[in-house]
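**Student:** After the structure tokens below, expect a handful of questions from me.
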Amino acid sequence: MLNEYRVKARNTSAHSENKMHDDTVARRYGFRGGLVPGVTVYGYVTHPVVAAWGRAWLTGGGATVRFVKPLFEGEEGVVTASETPGGAAIRLRNPAGEECAVGSVTRAAAGPAPAAADYPVASPPAERPEGSHAELAPGRVLATTEVLFDEREAGEYLEGLGETHAIYRGAGALVHPAYYLKLANRALTGTVKVSPWIHLASDVRHLGPARVGERLAVRGRVDRAYEKKGREMVEMDLLIVAGGDARPVAAIRHTAIWRLAPPPGA
């Protein structure tokens, strides 16, 4: 059973390159303040899932989540779930009862694991170009970002989320699933300069365990690019690999608005 989870939201990217998390810039676009990152919201959503299903979900489950309304610094997010065959429908609401994130989780993700060889490694550019239709055209191979997810990196990340689950600490600790989406963001921002931009949705399949102390890397390409209501959208087909053998641990379809419509009055 997935229990309700309450958490005080933190804007973990207030000082990042993406100015949609900056209070002043976000207000120009009509928001109350800087947006709590979708990656962080995803971390909140997954907490009760891991509490209920543990390692089995982290190494073989799946999730599809859309971020439909912003969550702001200091607000209480409430995560609730309703059981479905094979999984659960899940949502996070703000103090007004408005849905901020909606989606579904499955105990077992369907489909075979993609092959790492199908996702080429691409070195980050010496100087990133500005985001454009040409730079984010379908088929564009995105920059590969690699990090050592050691105890220090894990500790800082868990502290930012306010995550307390024991499965992410100690001997054999597993990588937090929201960190995969942080790497997914870097596939975009390591390839081109985009700001402000918004993470809209992610579809995640866990393919196996990734442990604290391993190197993680994201590989991928642009799958779709289109315009909607004056916003430029990109959908990315990504693979997270771990270790020296580039073992696939997560397949992700990641959707973002890389260019927003001009703010009111611009």
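If you're wondering about the labels, chains in the structure tokens are A, B, ... by order shown, residues count from 1 in each chain, ligands from 1 in order shown.
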Residues at most 6 Å from region 31-48 of chain A, counting only C-alpha atoms, excluding those fewer than 4 positions away in the same chain, as a PyMOL selection string?
**Tutor:** chain A and resi 2+11+20-23+26-27+70-72+178+181+199
**Student:** Once you have the residues from the selection above, write them out as a PDB file, in the first residue's frame, restricted to C-alpha atoms.
**Tutor:**
```
ATOM      1  CA  LEU A   2       1.284   3.471  -0.901  1.00  0.00           C
ATOM      2  CA  ASN A  11      13.605  25.263  -4.571  1.00  0.00           C
ATOM      3  CA  MET A  20      12.860  29.900 -14.280  1.00  0.00           C
ATOM      4  CA  HIS A  21      13.912  28.988 -10.726  1.00  0.00           C
ATOM      5  CA  ASP A  22      14.807  32.604  -9.971  1.00  0.00           C
ATOM      6  CA  ASP A  23      12.043  34.607  -8.270  1.00  0.00           C
ATOM      7  CA  ALA A  26       9.743  33.661 -12.930  1.00  0.00           C
ATOM      8  CA  ARG A  27       7.528  36.583 -11.893  1.00  0.00           C
ATOM      9  CA  PRO A  70       4.175  24.877 -10.242  1.00  0.00           C
ATOM     10  CA  LEU A  71       5.070  24.112  -6.653  1.00  0.00           C
ATOM     11  CA  PHE A  72       6.834  26.903  -4.764  1.00  0.00           C
ATOM     12  CA  ALA A 178      15.204  11.606  -9.273  1.00  0.00           C
ATOM     13  CA  LEU A 181      16.125  13.049 -14.246  1.00  0.00           C
ATOM     14  CA  HIS A 199      10.670  20.479 -17.501  1.00  0.00           C
TER      15      HIS A 199
END
```
**Student:** For region 87-89 of chain A, find every residue with an atom within 7 Å (counting only C-alpha atoms), except residues of its own chain fewer than 5 positions away, and show them as a ChimeraX atom specification.
**Tutor:** /A:81-82,103-107
**Student:** Just to be explicit: take each residue in the selection above, keep N, CA and C atoms, and write the result as a compact mmCIF listing (two decimals), in the first residue's frame.
**Tutor:**
```txt
# COMPACT_ATOMS: atom_id res chain seq x y z
N ALA A 81 -1.91 8.33 -3.60
CA ALA A 81 -1.92 7.31 -4.66
C ALA A 81 -3.17 6.48 -4.54
N SER A 82 -3.61 5.96 -5.68
CA SER A 82 -4.72 5.00 -5.71
C SER A 82 -4.25 3.79 -6.51
N GLY A 103 0.44 11.33 -12.52
CA GLY A 103 1.05 10.28 -13.31
C GLY A 103 0.70 8.91 -12.81
N SER A 104 1.51 7.95 -13.20
CA SER A 104 1.30 6.57 -12.82
C SER A 104 2.63 5.90 -12.58
N VAL A 105 2.60 4.90 -11.72
CA VAL A 105 3.79 4.09 -11.47
C VAL A 105 3.42 2.63 -11.67
N THR A 106 4.36 1.84 -12.15
CA THR A 106 4.15 0.42 -12.37
C THR A 106 5.21 -0.37 -11.61
N ARG A 107 4.80 -1.49 -11.08
CA ARG A 107 5.74 -2.34 -10.35
C ARG A 107 6.81 -2.91 -11.27
```
**Student:** Would you compute the distance between CA of Lys182 (chain A) and CA of Asp150 (chain A)? Give it in Å to one decimal.
**Tutor:**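 About the pair CA of Lys182 (chain A) and CA of Asp150 (chain A): they are 15.4 Å apart.
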**Student:** As an mmCIF file with N, CA and C atoms, in the first residue's frame, please: all residues of region 145-255 of chain A that backbone DSSP puts in helix (DSSP H, G or I).
**Tutor:**
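states_12.cif, written as the output of this step:
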```cif
data_model
loop_
_atom_site.group_PDB
_atom_site.id
_atom_site.type_symbol
_atom_site.label_atom_id
_atom_site.label_comp_id
_atom_site.auth_asym_id
_atom_site.auth_seq_id
_atom_site.Cartn_x
_atom_site.Cartn_y
_atom_site.Cartn_z
ATOM 1 N N GLU A 151 29.636 9.132 -2.271
ATOM 2 C CA GLU A 151 28.894 9.395 -1.041
ATOM 3 C C GLU A 151 28.656 10.882 -0.824
ATOM 4 N N ARG A 152 29.623 11.710 -1.186
ATOM 5 C CA ARG A 152 29.448 13.152 -1.022
ATOM 6 C C ARG A 152 28.324 13.657 -1.918
ATOM 7 N N GLU A 153 28.356 13.272 -3.198
ATOM 8 C CA GLU A 153 27.316 13.703 -4.133
ATOM 9 C C GLU A 153 25.953 13.177 -3.688
ATOM 10 N N ALA A 154 25.917 11.926 -3.267
ATOM 11 C CA ALA A 154 24.654 11.341 -2.810
ATOM 12 C C ALA A 154 24.131 12.065 -1.573
ATOM 13 N N GLY A 155 25.011 12.349 -0.630
ATOM 14 C CA GLY A 155 24.589 13.009 0.596
ATOM 15 C C GLY A 155 24.029 14.390 0.343
ATOM 16 N N GLU A 156 24.691 15.153 -0.520
ATOM 17 C CA GLU A 156 24.214 16.497 -0.838
ATOM 18 C C GLU A 156 22.874 16.444 -1.552
ATOM 19 N N TYR A 157 22.726 15.476 -2.431
ATOM 20 C CA TYR A 157 21.476 15.369 -3.179
ATOM 21 C C TYR A 157 20.320 14.982 -2.261
ATOM 22 N N LEU A 158 20.538 14.013 -1.398
ATOM 23 C CA LEU A 158 19.490 13.578 -0.473
ATOM 24 C C LEU A 158 19.122 14.692 0.504
ATOM 25 N N GLU A 159 20.103 15.456 0.936
ATOM 26 C CA GLU A 159 19.841 16.573 1.840
ATOM 27 C C GLU A 159 18.947 17.611 1.168
ATOM 28 N N GLY A 160 19.217 17.901 -0.106
ATOM 29 C CA GLY A 160 18.399 18.865 -0.834
ATOM 30 C C GLY A 160 16.958 18.416 -0.952
ATOM 31 N N LEU A 161 16.751 17.125 -1.138
ATOM 32 C CA LEU A 161 15.395 16.579 -1.257
ATOM 33 C C LEU A 161 14.704 16.404 0.084
ATOM 34 N N ALA A 166 16.303 4.753 4.060
ATOM 35 C CA ALA A 166 17.581 4.079 4.319
ATOM 36 C C ALA A 166 18.154 3.407 3.086
ATOM 37 N N ILE A 167 17.342 3.127 2.076
ATOM 38 C CA ILE A 167 17.823 2.414 0.893
ATOM 39 C C ILE A 167 18.857 3.221 0.115
ATOM 40 N N TYR A 168 18.900 4.541 0.361
ATOM 41 C CA TYR A 168 19.831 5.413 -0.348
ATOM 42 C C TYR A 168 21.116 5.676 0.443
ATOM 43 N N PRO A 177 16.139 7.758 -7.708
ATOM 44 C CA PRO A 177 15.638 7.821 -9.090
ATOM 45 C C PRO A 177 15.506 9.233 -9.639
ATOM 46 N N ALA A 178 15.300 10.233 -8.775
ATOM 47 C CA ALA A 178 15.204 11.606 -9.273
ATOM 48 C C ALA A 178 16.536 12.087 -9.828
ATOM 49 N N TYR A 179 17.636 11.488 -9.385
ATOM 50 C CA TYR A 179 18.943 11.891 -9.914
ATOM 51 C C TYR A 179 19.062 11.534 -11.391
ATOM 52 N N TYR A 180 18.370 10.481 -11.811
ATOM 53 C CA TYR A 180 18.367 10.150 -13.232
ATOM 54 C C TYR A 180 17.782 11.306 -14.044
ATOM 55 N N LEU A 181 16.729 11.932 -13.519
ATOM 56 C CA LEU A 181 16.125 13.049 -14.246
ATOM 57 C C LEU A 181 17.005 14.285 -14.194
ATOM 58 N N LYS A 182 17.773 14.437 -13.135
ATOM 59 C CA LYS A 182 18.747 15.526 -13.102
ATOM 60 C C LYS A 182 19.755 15.351 -14.233
ATOM 61 N N LEU A 183 20.219 14.122 -14.446
ATOM 62 C CA LEU A 183 21.116 13.859 -15.569
ATOM 63 C C LEU A 183 20.406 14.075 -16.905
ATOM 64 N N ALA A 184 19.129 13.707 -16.968
ATOM 65 C CA ALA A 184 18.367 13.927 -18.199
ATOM 66 C C ALA A 184 18.322 15.409 -18.548
ATOM 67 N N ASN A 185 18.139 16.262 -17.555
ATOM 68 C CA ASN A 185 18.183 17.704 -17.804
ATOM 69 C C ASN A 185 19.529 18.121 -18.389
ATOM 70 N N ARG A 186 20.586 17.506 -17.906
ATOM 71 C CA ARG A 186 21.925 17.882 -18.366
ATOM 72 C C ARG A 186 22.173 17.472 -19.813
ATOM 73 N N ALA A 187 21.438 16.490 -20.308
ATOM 74 C CA ALA A 187 21.559 16.161 -21.730
ATOM 75 C C ALA A 187 21.187 17.369 -22.576
ATOM 76 N N LEU A 188 20.164 18.101 -22.129
ATOM 77 C CA LEU A 188 19.744 19.316 -22.833
ATOM 78 C C LEU A 188 20.698 20.467 -22.559
ATOM 79 N N THR A 189 20.930 20.775 -21.272
ATOM 80 C CA THR A 189 21.699 21.974 -20.933
ATOM 81 C C THR A 189 23.193 21.812 -21.181
#
```
**Student:** At what distance in Å, to one decimal, does CA of Pro95 (chain A) lie from CA of Leu260 (chain A)?
**Tutor:**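 CA of Leu260 (chain A) sits 26.8 Å away from CA of Pro95 (chain A).
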**Student:** I'd like the neighbourhood of Glu127 (chain A) as a PyMOL selection string, where a residue qualifies if any of its atoms comes within 10 Å (using only C-alpha atoms), though same-chain residues fewer than 5 positions away should be ignored.
**Tutor:** chain A and resi 190-193
**Student:** Write a file of the selected residues as a PDB file, in the first residue's frame, keeping N, CA and C atoms.
**Tutor:**
```
ATOM      1  N   GLY A 190      23.663  20.566 -21.326  1.00  0.00           N
ATOM      2  CA  GLY A 190      25.052  20.356 -21.687  1.00  0.00           C
ATOM      3  C   GLY A 190      25.295  20.462 -23.178  1.00  0.00           C
ATOM      4  N   THR A 191      24.204  20.530 -23.953  1.00  0.00           N
ATOM      5  CA  THR A 191      24.304  20.597 -25.417  1.00  0.00           C
ATOM      6  C   THR A 191      24.124  22.022 -25.920  1.00  0.00           C
ATOM      7  N   VAL A 192      23.142  22.730 -25.356  1.00  0.00           N
ATOM      8  CA  VAL A 192      22.832  24.096 -25.790  1.00  0.00           C
ATOM      9  C   VAL A 192      22.562  24.977 -24.573  1.00  0.00           C
ATOM     10  N   LYS A 193      22.619  26.289 -24.792  1.00  0.00           N
ATOM     11  CA  LYS A 193      22.231  27.248 -23.761  1.00  0.00           C
ATOM     12  C   LYS A 193      20.739  27.513 -23.881  1.00  0.00           C
TER      13      LYS A 193
END
```
**Student:** May I have the residues within 12 Å of Leu216 (chain A) as an MDAnalysis selection string, using only C-alpha atoms and disregarding those fewer than 4 positions away in the same chain?
**Tutor:** chainID A and resid 144:150 153 175 179:184 209:212 239:250
**Student:** For the residues in that selection, give me C-alpha atoms as a compact mmCIF listing (two decimals), in the first residue's frame.
**Tutor:**
```
# COMPACT_ATOMS: atom_id res chain seq x y z
CA THR A 144 27.02 12.97 -22.83
CA THR A 145 27.34 14.07 -19.19
CA GLU A 146 29.19 11.79 -16.78
CA VAL A 147 29.36 12.11 -12.99
CA LEU A 148 30.82 10.11 -10.14
CA PHE A 149 27.86 9.53 -7.81
CA ASP A 150 29.95 9.08 -4.68
CA GLU A 153 27.32 13.70 -4.13
CA VAL A 175 20.99 5.93 -6.54
CA TYR A 179 18.94 11.89 -9.91
CA TYR A 180 18.37 10.15 -13.23
CA LEU A 181 16.12 13.05 -14.25
CA LYS A 182 18.75 15.53 -13.10
CA LEU A 183 21.12 13.86 -15.57
CA ALA A 184 18.37 13.93 -18.20
CA PRO A 209 20.49 -1.23 -10.03
CA ALA A 210 22.84 1.76 -9.88
CA ARG A 211 24.78 2.13 -6.65
CA VAL A 212 26.40 4.98 -4.78
CA LEU A 239 19.58 6.25 -21.57
CA ILE A 240 21.32 6.35 -18.19
CA VAL A 241 24.26 3.97 -17.93
CA ALA A 242 26.35 3.03 -14.90
CA GLY A 243 29.83 1.69 -14.26
CA GLY A 244 32.78 1.11 -16.51
CA ASP A 245 30.76 -1.37 -18.56
CA ALA A 246 28.08 1.27 -19.39
CA ARG A 247 25.33 -0.89 -17.92
CA PRO A 248 21.84 0.49 -18.77
CA VAL A 249 19.99 1.42 -15.59
CA ALA A 250 17.19 3.72 -16.81
```
**Student:** If you run DSSP over the backbone, which residues in region 43-87 of chain A end up strand (DSSP E or B)? Put them as a PyMOL selection string.
**Tutor:** chain A and resi 62-67+72+76-84+87
**Student:** Could you state the separation of CA of Glu17 (chain A) and CA of Trp258 (chain A) in Å, given to one decimal place?
**Tutor:**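 Between CA of Glu17 (chain A) and CA of Trp258 (chain A) the gap works out to 13.2 Å.
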**Student:** Of the candidates A:Ala171, A:Arg205, A:Leu200, A:Arg219, which shows the shortest atom-to-atom distance to Arg231 (chain A), using only C-alpha atoms?
**Tutor:**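 Smallest distance to Arg231 (chain A) is found for A:Leu200.
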**Student:** Ranking A:Ala96, A:Ala101, A:Val218, A:Ala256 by minimum distance to Thr64 (chain A) and counting only C-alpha atoms, which one comes first?
**Tutor:** A:Ala101
**Student:** Can you pull out the residues contacting Gly97 (chain A)? Cut-off 10 Å, using only C-alpha atoms, and skip same-chain residues under 5 positions away; I want them as a PyMOL selection string.
**Tutor:** chain A and resi 77-78+92
**Student:** From the options A:Ile257, A:Val25, A:Met233, A:Ala251, which residue's atoms come nearest to Pro114 (chain A), counting only C-alpha atoms?
**Tutor:**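 Of A:Ile257, A:Val25, A:Met233, A:Ala251, the one nearest Pro114 (chain A) is A:Ala251, counting only C-alpha atoms.
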